[in-house]
$ cat target-v2.pdb   # PDB, C-alpha atoms and all ligand atoms
ATOM      1  CA  MET A   8    -101.643  68.226  -2.743
ATOM      2  CA  SER A   9     -99.066  69.767  -5.061
ATOM      3  CA  ILE A  10     -95.706  71.345  -4.313
ATOM      4  CA  LEU A  11     -94.134  73.759  -6.795
ATOM      5  CA  LEU A  12     -90.501  74.781  -6.400
ATOM      6  CA  PHE A  13     -90.074  78.148  -8.122
ATOM      7  CA  PHE A  14     -86.321  78.468  -8.379
ATOM      8  CA  VAL A  15     -84.904  81.930  -9.101
ATOM      9  CA  ASP A  16     -81.162  81.809  -9.718
ATOM     10  CA  GLY A  17     -78.970  84.328  -7.943
ATOM     11  CA  ILE A  18     -81.174  86.439  -5.685
ATOM     12  CA  GLY A  19     -80.123  87.358  -2.162
ATOM     13  CA  LEU A  20     -81.142  89.672   0.652
ATOM     14  CA  GLY A  21     -78.940  92.723   0.201
ATOM     15  CA  GLU A  22     -78.396  96.222   1.531
ATOM     16  CA  ASP A  23     -81.239  98.749   1.306
ATOM     17  CA  ASP A  24     -79.525 100.887  -1.334
ATOM     18  CA  GLU A  25     -81.412 102.058  -4.416
ATOM     19  CA  ARG A  26     -78.154 102.622  -6.284
ATOM     20  CA  THR A  27     -77.144  98.966  -6.147
ATOM     21  CA  ASN A  28     -80.067  96.771  -5.051
ATOM     22  CA  PRO A  29     -83.097  96.390  -7.344
ATOM     23  CA  PHE A  30     -85.109  95.055  -4.395
ATOM     24  CA  SER A  31     -84.841  98.570  -2.874
ATOM     25  CA  SER A  32     -86.481 100.359  -5.775
ATOM     26  CA  ALA A  33     -88.434  97.939  -7.994
ATOM     27  CA  HIS A  34     -92.234  98.184  -8.134
ATOM     28  CA  LEU A  35     -93.241  94.770  -6.740
ATOM     29  CA  PRO A  36     -96.904  94.930  -5.705
ATOM     30  CA  THR A  37     -97.441  91.164  -5.582
ATOM     31  CA  LEU A  38     -94.314  90.356  -3.579
ATOM     32  CA  HIS A  39     -95.035  93.184  -1.193
ATOM     33  CA  ARG A  40     -98.687  92.255  -0.817
ATOM     34  CA  ILE A  41     -97.876  88.695   0.278
ATOM     35  CA  SER A  42     -95.003  90.031   2.387
ATOM     36  CA  GLY A  43     -97.227  92.345   4.407
ATOM     37  CA  GLY A  44     -95.620  95.400   2.801
ATOM     38  CA  ARG A  45     -92.024  94.364   3.491
ATOM     39  CA  ARG A  46     -89.255  94.759   0.952
ATOM     40  CA  TRP A  47     -86.912  91.782   0.538
ATOM     41  CA  LEU A  48     -83.716  93.079   2.105
ATOM     42  CA  LYS A  49     -80.925  92.112   4.470
ATOM     43  CA  GLY A  50     -82.220  91.705   8.000
ATOM     44  CA  GLN A  51     -85.669  90.620   6.764
ATOM     45  CA  GLY A  52     -86.907  87.252   7.809
ATOM     46  CA  PRO A  53     -88.142  85.229   9.335
ATOM     47  CA  TRP A  54     -91.545  86.832   8.929
ATOM     48  CA  GLN A  55     -95.037  85.617   8.287
ATOM     49  CA  SER A  56     -98.197  86.984   6.748
ATOM     50  CA  GLU A  57    -101.606  85.368   6.418
ATOM     51  CA  TRP A  58    -100.641  82.821   3.726
ATOM     52  CA  ALA A  59     -96.872  83.104   3.530
ATOM     53  CA  ARG A  60     -93.709  82.628   5.537
ATOM     54  CA  MET A  61     -90.280  83.842   4.538
ATOM     55  CA  TRP A  62     -86.933  82.801   5.942
ATOM     56  CA  ALA A  63     -83.521  84.307   5.343
ATOM     57  CA  THR A  64     -81.565  81.229   4.287
ATOM     58  CA  ASP A  65     -77.834  80.674   4.646
ATOM     59  CA  ALA A  66     -76.208  79.617   1.368
ATOM     60  CA  ARG A  67     -72.638  79.540   2.754
ATOM     61  CA  MET A  68     -73.233  76.579   5.058
ATOM     62  CA  GLY A  69     -70.046  77.142   7.035
ATOM     63  CA  VAL A  70     -67.761  77.097   4.000
ATOM     64  CA  PRO A  71     -65.725  80.241   3.228
ATOM     65  CA  GLY A  72     -66.119  81.982  -0.123
ATOM     66  CA  ARG A  73     -68.946  82.891  -2.462
ATOM     67  CA  PRO A  74     -71.621  80.197  -2.873
ATOM     68  CA  GLN A  75     -71.744  78.735  -6.381
ATOM     69  CA  SER A  76     -74.578  77.290  -8.442
ATOM     70  CA  ALA A  77     -73.624  73.609  -8.702
ATOM     71  CA  SER A  78     -72.934  72.961  -5.019
ATOM     72  CA  SER A  79     -75.789  75.200  -3.802
ATOM     73  CA  GLN A  80     -78.380  73.642  -6.123
ATOM     74  CA  ALA A  81     -77.194  70.166  -5.106
ATOM     75  CA  ALA A  82     -77.641  71.124  -1.433
ATOM     76  CA  LEU A  83     -81.116  72.482  -2.191
ATOM     77  CA  LEU A  84     -82.282  69.271  -3.880
ATOM     78  CA  SER A  85     -80.372  66.691  -1.809
ATOM     79  CA  GLY A  86     -80.622  68.123   1.694
ATOM     80  CA  GLY A  87     -76.891  67.580   2.171
ATOM     81  CA  ASN A  88     -74.207  70.114   3.041
ATOM     82  CA  VAL A  89     -72.593  69.751  -0.366
ATOM     83  CA  PRO A  90     -70.074  72.617  -0.004
ATOM     84  CA  ALA A  91     -68.809  71.110   3.288
ATOM     85  CA  TYR A  92     -68.493  67.683   1.643
ATOM     86  CA  LEU A  93     -66.520  69.191  -1.250
ATOM     87  CA  GLY A  94     -64.541  71.547   0.967
ATOM     88  CA  GLU A  95     -65.486  74.400  -1.369
ATOM     89  CA  HIS A  96     -68.295  76.160  -3.180
ATOM     90  CA  TYR A  97     -68.280  74.775  -6.694
ATOM     91  CA  GLY A  98     -69.855  75.765  -9.990
ATOM     92  CA  PRO A  99     -71.383  76.704 -12.228
ATOM     93  CA  ARG A 100     -71.828  73.100 -13.508
ATOM     94  CA  PRO A 101     -71.652  69.984 -11.311
ATOM     95  CA  ASP A 102     -68.457  67.933 -11.440
ATOM     96  CA  ALA A 103     -68.244  64.142 -10.997
ATOM     97  CA  ARG A 104     -68.431  64.422  -7.189
ATOM     98  CA  ILE A 105     -71.646  66.453  -7.258
ATOM     99  CA  ARG A 106     -73.198  64.320  -9.992
ATOM    100  CA  GLN A 107     -72.542  61.207  -7.904
ATOM    101  CA  LEU A 108     -74.254  62.808  -4.893
ATOM    102  CA  LEU A 109     -77.267  63.758  -7.007
ATOM    103  CA  ARG A 110     -77.534  60.234  -8.448
ATOM    104  CA  ARG A 111     -77.846  58.940  -4.892
ATOM    105  CA  ARG A 112     -80.239  61.466  -3.498
ATOM    106  CA  ASN A 113     -82.353  64.310  -4.774
ATOM    107  CA  LEU A 114     -85.974  65.398  -4.463
ATOM    108  CA  PHE A 115     -86.968  64.240  -7.956
ATOM    109  CA  LEU A 116     -85.618  60.751  -7.228
ATOM    110  CA  ARG A 117     -87.286  60.709  -3.840
ATOM    111  CA  PHE A 118     -90.734  61.660  -5.132
ATOM    112  CA  ALA A 119     -90.429  59.369  -8.159
ATOM    113  CA  SER A 120     -89.381  56.424  -5.962
ATOM    114  CA  CYS A 121     -92.570  56.971  -3.941
ATOM    115  CA  GLY A 122     -94.603  56.676  -7.146
ATOM    116  CA  MET A 123     -95.443  60.378  -7.117
ATOM    117  CA  ARG A 124     -95.701  62.620 -10.176
ATOM    118  CA  VAL A 125     -92.729  64.905 -10.836
ATOM    119  CA  ALA A 126     -91.976  67.415 -13.593
ATOM    120  CA  THR A 127     -89.983  70.441 -14.643
ATOM    121  CA  TRP A 128     -91.659  73.217 -16.618
ATOM    122  CA  GLU A 129     -89.138  75.349 -18.488
ATOM    123  CA  ALA A 130     -88.735  74.321 -22.128
ATOM    124  CA  TYR A 131     -85.321  73.912 -23.725
ATOM    125  CA  PRO A 132     -84.743  74.324 -27.460
ATOM    126  CA  PRO A 133     -83.427  71.583 -29.787
ATOM    127  CA  SER A 134     -79.931  73.116 -29.682
ATOM    128  CA  PHE A 135     -79.786  72.493 -25.916
ATOM    129  CA  TYR A 136     -80.502  68.766 -26.334
ATOM    130  CA  GLN A 137     -78.016  68.485 -29.208
ATOM    131  CA  ALA A 138     -75.306  70.088 -27.054
ATOM    132  CA  LEU A 139     -76.120  67.708 -24.170
ATOM    133  CA  ASP A 140     -76.005  64.671 -26.474
ATOM    134  CA  ARG A 141     -72.666  65.667 -27.945
ATOM    135  CA  GLY A 142     -71.184  66.370 -24.528
ATOM    136  CA  ARG A 143     -70.653  70.013 -25.419
ATOM    137  CA  ARG A 144     -72.855  71.154 -22.572
ATOM    138  CA  LEU A 145     -73.060  69.897 -19.010
ATOM    139  CA  PRO A 146     -76.470  70.086 -17.384
ATOM    140  CA  ALA A 147     -76.811  72.294 -14.298
ATOM    141  CA  SER A 148     -77.287  70.497 -10.965
ATOM    142  CA  LEU A 149     -81.047  71.107 -11.070
ATOM    143  CA  GLN A 150     -81.324  69.684 -14.591
ATOM    144  CA  TYR A 151     -79.047  66.762 -13.780
ATOM    145  CA  ALA A 152     -81.138  65.871 -10.711
ATOM    146  CA  ALA A 153     -84.269  65.701 -12.866
ATOM    147  CA  LEU A 154     -82.541  63.694 -15.601
ATOM    148  CA  VAL A 155     -81.170  61.026 -13.240
ATOM    149  CA  ALA A 156     -84.684  60.595 -11.837
ATOM    150  CA  GLY A 157     -85.792  59.635 -15.353
ATOM    151  CA  LEU A 158     -87.585  62.874 -16.183
ATOM    152  CA  GLN A 159     -87.692  64.292 -19.670
ATOM    153  CA  LEU A 160     -86.885  67.982 -19.516
ATOM    154  CA  ARG A 161     -89.514  69.911 -21.463
ATOM    155  CA  ASN A 162     -88.899  70.625 -25.130
ATOM    156  CA  ALA A 163     -90.353  72.559 -28.054
ATOM    157  CA  GLU A 164     -93.166  70.022 -28.539
ATOM    158  CA  ASP A 165     -94.263  70.370 -24.905
ATOM    159  CA  LEU A 166     -94.189  74.137 -25.317
ATOM    160  CA  ARG A 167     -96.377  74.005 -28.429
ATOM    161  CA  ARG A 168     -98.897  71.860 -26.578
ATOM    162  CA  GLY A 169     -99.005  74.340 -23.698
ATOM    163  CA  GLU A 170     -97.395  71.814 -21.345
ATOM    164  CA  ALA A 171     -94.307  73.888 -20.635
ATOM    165  CA  LEU A 172     -93.201  77.503 -20.366
ATOM    166  CA  PRO A 173     -90.535  79.471 -22.194
ATOM    167  CA  GLY A 174     -87.508  80.087 -19.978
ATOM    168  CA  ASP A 175     -88.221  83.839 -20.079
ATOM    169  CA  PHE A 176     -91.994  83.319 -19.452
ATOM    170  CA  THR A 177     -93.288  85.444 -22.337
ATOM    171  CA  GLY A 178     -91.472  83.644 -25.154
ATOM    172  CA  ALA A 179     -89.721  86.718 -26.568
ATOM    173  CA  ALA A 180     -86.342  84.945 -26.707
ATOM    174  CA  TRP A 181     -87.929  81.749 -28.032
ATOM    175  CA  ARG A 182     -89.533  83.721 -30.875
ATOM    176  CA  GLN A 183     -86.333  85.499 -31.662
ATOM    177  CA  HIS A 184     -84.052  82.457 -31.705
ATOM    178  CA  PHE A 185     -86.097  79.302 -32.312
ATOM    179  CA  ASP A 186     -89.614  79.826 -33.617
ATOM    180  CA  ALA A 187     -90.824  83.111 -35.100
ATOM    181  CA  GLU A 188     -94.415  81.818 -34.966
ATOM    182  CA  PHE A 189     -94.425  81.125 -31.235
ATOM    183  CA  PRO A 190     -97.393  82.977 -29.716
ATOM    184  CA  THR A 191     -96.676  85.588 -27.075
ATOM    185  CA  LEU A 192     -97.688  84.868 -23.515
ATOM    186  CA  THR A 193     -98.389  87.760 -21.214
ATOM    187  CA  ARG A 194     -96.574  87.597 -17.890
ATOM    188  CA  LYS A 195     -99.807  86.892 -16.042
ATOM    189  CA  GLU A 196    -100.783  84.173 -18.522
ATOM    190  CA  ALA A 197     -97.389  82.552 -17.979
ATOM    191  CA  GLY A 198     -97.904  82.537 -14.209
ATOM    192  CA  MET A 199    -101.416  81.139 -14.581
ATOM    193  CA  ARG A 200    -100.167  78.397 -16.900
ATOM    194  CA  LEU A 201     -97.479  77.469 -14.371
ATOM    195  CA  ALA A 202    -100.086  77.132 -11.606
ATOM    196  CA  ARG A 203    -102.360  75.006 -13.791
ATOM    197  CA  LEU A 204     -99.509  72.715 -14.862
ATOM    198  CA  ALA A 205     -98.184  72.274 -11.309
ATOM    199  CA  ARG A 206    -101.634  71.366 -10.014
ATOM    200  CA  ASP A 207    -101.515  67.887 -11.580
ATOM    201  CA  TYR A 208     -98.107  67.000 -10.120
ATOM    202  CA  ASP A 209     -96.963  66.116  -6.616
ATOM    203  CA  PHE A 210     -93.638  67.891  -6.998
ATOM    204  CA  SER A 211     -92.566  70.093  -9.878
ATOM    205  CA  MET A 212     -90.097  72.861 -10.533
ATOM    206  CA  PHE A 213     -89.680  75.890 -12.701
ATOM    207  CA  SER A 214     -86.138  77.243 -12.770
ATOM    208  CA  TYR A 215     -85.532  80.802 -13.858
ATOM    209  CA  TRP A 216     -81.980  81.741 -14.862
ATOM    210  CA  TRP A 217     -82.067  85.280 -16.217
ATOM    211  CA  THR A 218     -81.736  86.870 -12.783
ATOM    212  CA  ASP A 219     -78.250  85.355 -12.432
ATOM    213  CA  VAL A 220     -77.273  86.294 -15.996
ATOM    214  CA  VAL A 221     -78.292  89.924 -15.384
ATOM    215  CA  GLY A 222     -76.550  89.838 -11.980
ATOM    216  CA  HIS A 223     -73.310  88.897 -13.730
ATOM    217  CA  ARG A 224     -73.529  91.003 -16.852
ATOM    218  CA  GLY A 225     -76.427  93.455 -16.639
ATOM    219  CA  ASP A 226     -77.108  96.870 -15.179
ATOM    220  CA  LEU A 227     -79.415  98.105 -12.423
ATOM    221  CA  ALA A 228     -82.276  98.964 -14.817
ATOM    222  CA  GLN A 229     -82.203  95.425 -16.205
ATOM    223  CA  ALA A 230     -82.118  94.021 -12.671
ATOM    224  CA  VAL A 231     -85.201  96.063 -11.729
ATOM    225  CA  ALA A 232     -86.929  94.839 -14.900
ATOM    226  CA  GLN A 233     -86.157  91.221 -13.935
ATOM    227  CA  LEU A 234     -87.841  91.602 -10.557
ATOM    228  CA  GLU A 235     -90.851  93.395 -12.037
ATOM    229  CA  LEU A 236     -91.247  90.571 -14.568
ATOM    230  CA  LEU A 237     -91.163  87.999 -11.774
ATOM    231  CA  ASP A 238     -93.679  90.002  -9.778
ATOM    232  CA  ASP A 239     -96.155  90.002 -12.688
ATOM    233  CA  VAL A 240     -95.667  86.258 -13.232
ATOM    234  CA  LEU A 241     -96.243  85.696  -9.536
ATOM    235  CA  ALA A 242     -99.503  87.686  -9.741
ATOM    236  CA  GLY A 243    -100.796  85.249 -12.369
ATOM    237  CA  LEU A 244     -99.489  82.235 -10.477
ATOM    238  CA  LEU A 245    -101.110  83.237  -7.189
ATOM    239  CA  ALA A 246    -104.409  84.061  -8.919
ATOM    240  CA  GLU A 247    -104.672  80.378  -9.894
ATOM    241  CA  TRP A 248    -102.975  78.883  -6.849
ATOM    242  CA  ASN A 249    -104.999  76.696  -4.499
ATOM    243  CA  ARG A 250    -103.332  77.992  -1.362
ATOM    244  CA  GLU A 251    -105.483  75.903   0.965
ATOM    245  CA  GLU A 252    -104.162  72.642  -0.501
ATOM    246  CA  ASP A 253    -100.974  73.349  -2.436
ATOM    247  CA  THR A 254     -97.575  74.747  -1.487
ATOM    248  CA  LEU A 255     -95.430  77.165  -3.469
ATOM    249  CA  ILE A 256     -91.763  77.510  -2.501
ATOM    250  CA  LEU A 257     -89.731  80.291  -4.064
ATOM    251  CA  THR A 258     -86.023  80.186  -3.352
ATOM    252  CA  SER A 259     -82.564  80.596  -4.879
ATOM    253  CA  ASP A 260     -79.024  79.189  -4.740
ATOM    254  CA  HIS A 261     -76.860  82.228  -3.893
ATOM    255  CA  GLY A 262     -76.992  85.994  -3.973
ATOM    256  CA  ASN A 263     -76.048  88.028  -7.036
ATOM    257  CA  LEU A 264     -78.783  90.314  -8.416
ATOM    258  CA  GLU A 265     -79.130  92.242  -5.129
ATOM    259  CA  ALA A 266     -75.638  93.741  -5.518
ATOM    260  CA  MET A 267     -75.404  95.349  -8.961
ATOM    261  CA  ASP A 268     -72.230  97.247  -8.064
ATOM    262  CA  HIS A 269     -70.245  94.139  -9.074
ATOM    263  CA  GLY A 270     -70.763  91.129 -11.336
ATOM    264  CA  LYS A 271     -70.000  88.378  -8.836
ATOM    265  CA  HIS A 272     -72.087  86.224  -6.544
ATOM    266  CA  THR A 273     -72.547  87.498  -2.983
ATOM    267  CA  GLU A 274     -72.323  85.823   0.406
ATOM    268  CA  ASN A 275     -75.721  87.210   1.410
ATOM    269  CA  GLU A 276     -78.495  85.062   2.737
ATOM    270  CA  ILE A 277     -81.153  84.151   0.191
ATOM    271  CA  PRO A 278     -84.932  84.384   0.586
ATOM    272  CA  THR A 279     -87.065  81.256   0.943
ATOM    273  CA  LEU A 280     -90.744  82.082   0.539
ATOM    274  CA  VAL A 281     -93.302  79.399   1.386
ATOM    275  CA  TYR A 282     -96.867  80.199   0.334
ATOM    276  CA  GLY A 283     -99.972  78.123   0.939
ATOM    277  CA  ALA A 284    -100.792  74.898   2.703
ATOM    278  CA  GLY A 285     -97.296  73.800   3.766
ATOM    279  CA  ARG A 286     -96.174  77.101   5.234
ATOM    280  CA  ASP A 287     -96.363  75.872   8.821
ATOM    281  CA  ALA A 288     -94.767  72.496   8.131
ATOM    282  CA  PHE A 289     -91.550  74.287   7.278
ATOM    283  CA  ARG A 290     -89.214  74.464  10.209
ATOM    284  CA  GLU A 291     -87.134  77.584  10.244
ATOM    285  CA  PRO A 292     -84.536  76.738   7.591
ATOM    286  CA  ILE A 293     -81.201  78.105   8.568
ATOM    287  CA  SER A 294     -79.479  76.937   5.416
ATOM    288  CA  LEU A 295     -80.101  75.585   1.913
ATOM    289  CA  GLN A 296     -79.804  72.004   3.130
ATOM    290  CA  ASP A 297     -82.934  72.349   5.289
ATOM    291  CA  ILE A 298     -85.281  72.898   2.354
ATOM    292  CA  ALA A 299     -85.397  69.376   0.855
ATOM    293  CA  PRO A 300     -86.264  67.702   4.192
ATOM    294  CA  ALA A 301     -88.996  70.296   4.735
ATOM    295  CA  ILE A 302     -90.458  69.571   1.297
ATOM    296  CA  GLU A 303     -90.423  65.821   2.047
ATOM    297  CA  LYS A 304     -92.214  66.544   5.292
ATOM    298  CA  ILE A 305     -94.934  68.567   3.568
ATOM    299  CA  ALA A 306     -95.408  65.707   1.097
ATOM    300  CA  GLY A 307     -95.527  63.126   3.884
ATOM    301  CA  ILE A 308     -92.508  61.205   2.573
ATOM    302  CA  ALA A 309     -89.905  62.242   5.161
ATOM    303  CA  GLU A 310     -87.622  59.412   6.232
ATOM    304  CA  VAL A 311     -87.436  58.583   9.916
ATOM    305  CA  SER A 312     -83.699  57.959   9.909
ATOM    306  CA  SER A 313     -81.201  60.075   8.041
ATOM    307  CA  GLY A 314     -80.055  58.232   4.942
TER     308      GLY A 314
HETATM  309 ZN    ZN Q   1     -76.776  80.066  -9.538
END

$ encode --input "target-v2.pdb" --output "structure tokens"
Amino acid sequence: MSILLFFVDGIGLGEDDERTNPFSSAHLPTLHRISGGRRWLKGQGPWQSEWARMWATDARMGVPGRPQSASSQAALLSGGNVPAYLGEHYGPRPDARIRQLLRRRNLFLRFASCGMRVATWEAYPPSFYQALDRGRRLPASLQYAALVAGLQLRNAEDLRRGEALPGDFTGAAWRQHFDAEFPTLTRKEAGMRLARLARDYDFSMFSYWWTDVVGHRGDLAQAVAQLELLDDVLAGLLAEWNREEDTLILTSDHGNLEAMDHGKHTENEIPTLVYGAGRDAFREPISLQDIAPAIEKIAGIAEVSSG
């Protein structure tokens, strides 16, 4: 039984407005097929279809202001109300307080401590590891959580062996910046590879960042293109997914891409899609901090007492 966390940075449930929200206008046949024809918009969720459930998920967690990546991702992986603990939404990179929380508790640690197989799938180039080593780059909360659980983030070697994916799925950026010889993956091939890799692991994660980058600095056409890319990847992923045994969870950390009339995060709820075997084990998550306990429950490693 495998659980794949498909993290998509900066997508929320926004207004139904084709001028500002790519979810209103993008051609998303796969998302809409598993959603019973629904678009992903404000006011949607909870809903269910034959194999999927989707919940509108609160990323604010009672703390005023716009949710930020470091505290939201820490809440997602730790199950704690990190913004309330900090007294603020914090990001983009985790500070000492958040790093300490993640060293104590996060899903990678939890699965690893139970002797279960954990992995992340996006490959980082040599320059990323050099910047980490020299202290010129702080890892994101998601990366930090994996690192403190003893995982090796995937690198160029893993990518060459087919045991990782380029951060943009098709490898266009990887070819341009790091390796001109890197073979192109189609979007569907990338999704199929992700499903095949996740199958051998109890808990693994792919984190996709370009949605947040485009939300901050891109335009509506680029935002639509991001969603259509994800939809094609999802088509490949679901084609290979063993939905009767395995569980796919697609979620985010805060809104951004669904409001292209400004370059900031939003306070919108975010979508949490659960597809496959564990869809009924999920209690209705009202906030980001409810996702980690639900994942532990699906895996059968939930603690009786709160730790
Ligand atoms: Zn983020």

$ atom_distance --input "target-v2.pdb" --atom1 "CA of Ser214 (chain A)" --atom2 "CA of Ser259 (chain A)"
9.3 Å

$ residues_around --input "target-v2.pdb" --residues "Ile302 (chain A)" --least-positions-apart "3" --cutoff "8 Å" --atoms "all atoms listed in the file" --output "ChimeraX atom specification"
/A:10,289,298-299,305-306

$ resolve_selection --input "target-v2.pdb" --expression "the PyMOL selection byres (((chain A and resi 84-95) around 7) and not hetatm)" --output "list in words"
Met68, Val70, Ser78, Gln80, Ala81, Ala82, Leu83, His96, Tyr97, Leu109, Arg112, Asn113, Leu114, Gln296, Asp297, Ile298, Ala299 and Pro300 of chain A

$ residues_near_ligand --input "target-v2.pdb" --ligand "ligand ZN 1 (chain Q)" --cutoff "12 Å" --atoms "only C-alpha atoms and all ligand atoms" --output "PyMOL selection string"
chain A and resi 14-19+66+73-81+83+96-101+147-149+214-223+258-264+271-273+277

$ resolve_selection --input "target-v2.pdb" --expression "the PyMOL selection byres (((chain A and resi 242) around 9) and not hetatm)" --output "PDB file with C-alpha atoms, in the frame of the given file"
ATOM      1  CA  PRO A  36     -96.904  94.930  -5.705  1.00  0.00           C
ATOM      2  CA  THR A  37     -97.441  91.164  -5.582  1.00  0.00           C
ATOM      3  CA  LEU A  38     -94.314  90.356  -3.579  1.00  0.00           C
ATOM      4  CA  ARG A 194     -96.574  87.597 -17.890  1.00  0.00           C
ATOM      5  CA  LYS A 195     -99.807  86.892 -16.042  1.00  0.00           C
ATOM      6  CA  GLY A 198     -97.904  82.537 -14.209  1.00  0.00           C
ATOM      7  CA  MET A 199    -101.416  81.139 -14.581  1.00  0.00           C
ATOM      8  CA  LEU A 237     -91.163  87.999 -11.774  1.00  0.00           C
ATOM      9  CA  ASP A 238     -93.679  90.002  -9.778  1.00  0.00           C
ATOM     10  CA  ASP A 239     -96.155  90.002 -12.688  1.00  0.00           C
ATOM     11  CA  VAL A 240     -95.667  86.258 -13.232  1.00  0.00           C
ATOM     12  CA  LEU A 241     -96.243  85.696  -9.536  1.00  0.00           C
ATOM     13  CA  GLY A 243    -100.796  85.249 -12.369  1.00  0.00           C
ATOM     14  CA  LEU A 244     -99.489  82.235 -10.477  1.00  0.00           C
ATOM     15  CA  LEU A 245    -101.110  83.237  -7.189  1.00  0.00           C
ATOM     16  CA  ALA A 246    -104.409  84.061  -8.919  1.00  0.00           C
ATOM     17  CA  GLU A 247    -104.672  80.378  -9.894  1.00  0.00           C
TER      18      GLU A 247
END

$ atom_distance --input "target-v2.pdb" --atom1 "CA of Ser294 (chain A)" --atom2 "CA of Glu310 (chain A)"
19.3 Å

$ resolve_selection --input "target-v2.pdb" --expression "the PyMOL selection byres (((chain A and resi 174-182) around 9) and not hetatm)" --output "list in words"
Trp128, Glu129, Ala130, Tyr131, Pro132, Leu172, Pro173, Gln183, His184, Phe185, Asp186, Ala187, Glu188, Phe189, Pro190, Thr191, Leu192, Thr193, Arg194, Glu196, Ala197, Gly198, Phe213, Ser214, Tyr215, Trp216, Trp217, Leu236 and Val240 of chain A

$ atom_distance --input "target-v2.pdb" --atom1 "CA of Pro133 (chain A)" --atom2 "CA of Leu204 (chain A)"
22.0 Å
